[in-house]
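Working notes, structure below.
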Amino acid sequence: MFNNSGILDELRVLYVEDEAAVRLNVGESLMRLCRNLYLASNGKEGLDIYVAYRPDIVITDIRMPKMNGLAMAREIKKHNPKAQIIITTAFSDTDMLIESIELGVNQYVIKPINAEKLLEKLILCANAVCADRAFKESHDLFKKLSEGSAFGVALHREKFLYVNPAMQSITGYKPSELLNMCVWDVMGHRWQHGIKEQMFWRLKGVKMPLEYTEMELISKDGKTKWIKLLTDTVEYRGGFCGLLDMIDITNEKQYEMEILQLNRTLEERVNEEIRKRSEQELLLVQQSKMAAMGEMIGAIAHQWRQPLNVISLIMYDLQDAFADGNLDSDYMNKSVDDSVNQIDFMSKAIEAFRNFLKPSKKKELFNLLQSINDTLLLFGAMLSTVGITVNLNFNEDDIMEAEGFANEFKQVIFNIINNARDAIEGNRATTNVRTRGRIDITGWRTEDRVIVEISDNGGGISPEACCKVFDAYFTTKEDKKGTGIGMYMSKTIIERNMGGKLTASNRGDGAVFTIELKASQDGSAG
């Protein structure tokens, strides 16, 4: 009766029909399509089976003893409003057909049942089930990622829609309490109006600049904390909402206050405090990673924004095609495949970011060009969004291999291109001219060295900063956007850990950072 379409293999189907001969005939045909088929002879029996096994698709006759098909469908929709239901009806059942449409029944087939028509309706329902599962998997992936984060992550509309566990440690409120609150309920008084205004525009879908804002938060116990808050506009469940990224910087603020206090005292006390803090130098590597993670949240948003938009467009397109009667199995299959491909891309992007953060355990031969390409693959979208082009210039005949720590080298590249991005944007703000940003990465090999130069058109390094650019805690970034750790750790990684050399200079309209490493001799790196 049917040709197996494949998509129905893993789905569970319930067929409810009171006429034994019809139930046996159609049931035998359905068994060839579905591994899990349930049969029922009336609506009461069908409802009991649905409650017990939750099949994905229900096919039911209308007129049956004990409980008719429409009554059963009504009860099933109470259990699961998204349940896919196909009714089989005679031409004489017009009134019941209208009632079934009002109930939200998904498809119908006129009796006597035509095999091809029933298969067509089954595939439409199966595609809807698969599309819903794909959306749920995407949502679950986001939830899994955010729940493993040390930073507070939340979705907000009129109130919080979702908060990760880290939000409790930051605010002191349990997730169940936060879901009945607004974000401004936990903010200091002088920041509440600004947050309300920003959320108002984000709920209208307005794209606004992405930047961390420092503000005070009042925790549940009444204590004041300092946080960095980043908000973005995302589409979620048919509307716009705010994606919030919250970092507790109370300890950093306290440290700044300590430094200010020390500056008011004698120089000897300052030097003594610096000597004490120098014992904590081993913690700087982790601090540098944590500082980079704030940028990575933005990079993940850039990587995910396009596939999320594509999936959203596919869903709306499916809805329009269905409304216009243009939805066939090929159209639906292509839409599902396109959605799954986008979700697969998002999953691989998250895995790539996780690998970026893993420290290298031991020295190994690695290819510098490959490491640079891996870094640009993760953060290229973040640069292109702000109008910055990256140009790679490498001699194809040169073997760009060195011995060292591949992931730490990637972080050095990230630190340098991230500083170049900030310099280009800062130069635009200063000159009030939005020039096209440019970062050139050039590499070559000498007899015993591999050299990489990274230059930009961000206006260069001032003479005052040039001699301090690699000092710990020194930053030229305004509004406390920098930690002063990145370039210090970059120099430590290249020179102390990998036996190379990292220098900074000016050339033309920007800065140049030069990395030199000892070249490999056997050329075995991939």
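Just so we're on the same page: first chain in the structure tokens is A, next is B, and so on; residues restart at 1 for each chain, and ligands are numbered from 1 in the order they show up.
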Shell around stretch 179-182 of chain A at 10 Å using only C-alpha atoms, local window under 5 positions removed, as JSON, numbers by chain: {"A": [154, 155, 156, 157, 158, 159, 160, 161, 162, 163, 173, 174, 187, 196]}
Considering only C-alpha atoms, can you say which of A:Val386, A:Thr60, A:Arg54, A:Gln342 comes closest to A:Pro209? A:Val386
Please report, as a ChimeraX atom specification, each residue of stretch 36-271 of chain A to which DSSP assigns strand (DSSP E) when run on this structure's backbone. /A:36-40,57-61,84-89,107-110,152-156,160-163,213-218,224-236,239-248
Could you give me, as a count of residues only, the residues within 12 Å of A:Ile49, counting only C-alpha atoms and dropping anything in the same chain fewer than 2 positions from it? 25
Choose the residue, out of A:Ile454, A:Ala126, A:Met498, A:Met64, that has the smallest atom-to-atom separation from A:Ile441; count only C-alpha atoms. A:Ile454
Quick one: pull the distance between atom CA of A:Lys111 and atom CA of A:Ala90, Å, one decimal. 5.0 Å
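Using only C-alpha atoms, the protein and nucleic acid residues lying no more than 7 Å from A:Ser219, apart from those fewer than 5 places from it along its own chain, are Thr171, Gly172, Val186 and Thr224 of chain A.
Taking atom CA of A:Ile87 and atom CA of A:Glu28 as the two end points, the separation is 18.3 Å.
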From a DSSP calculation on the backbone, collect every residue of stretch 382-441 of chain A in helix (DSSP H, G or I) and output the set as a PyMOL selection string. chain A and resi 382-385+406-431
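Of note, atom CA of A:Arg133 and atom CA of A:Ile85 are spaced 16.8 Å apart.
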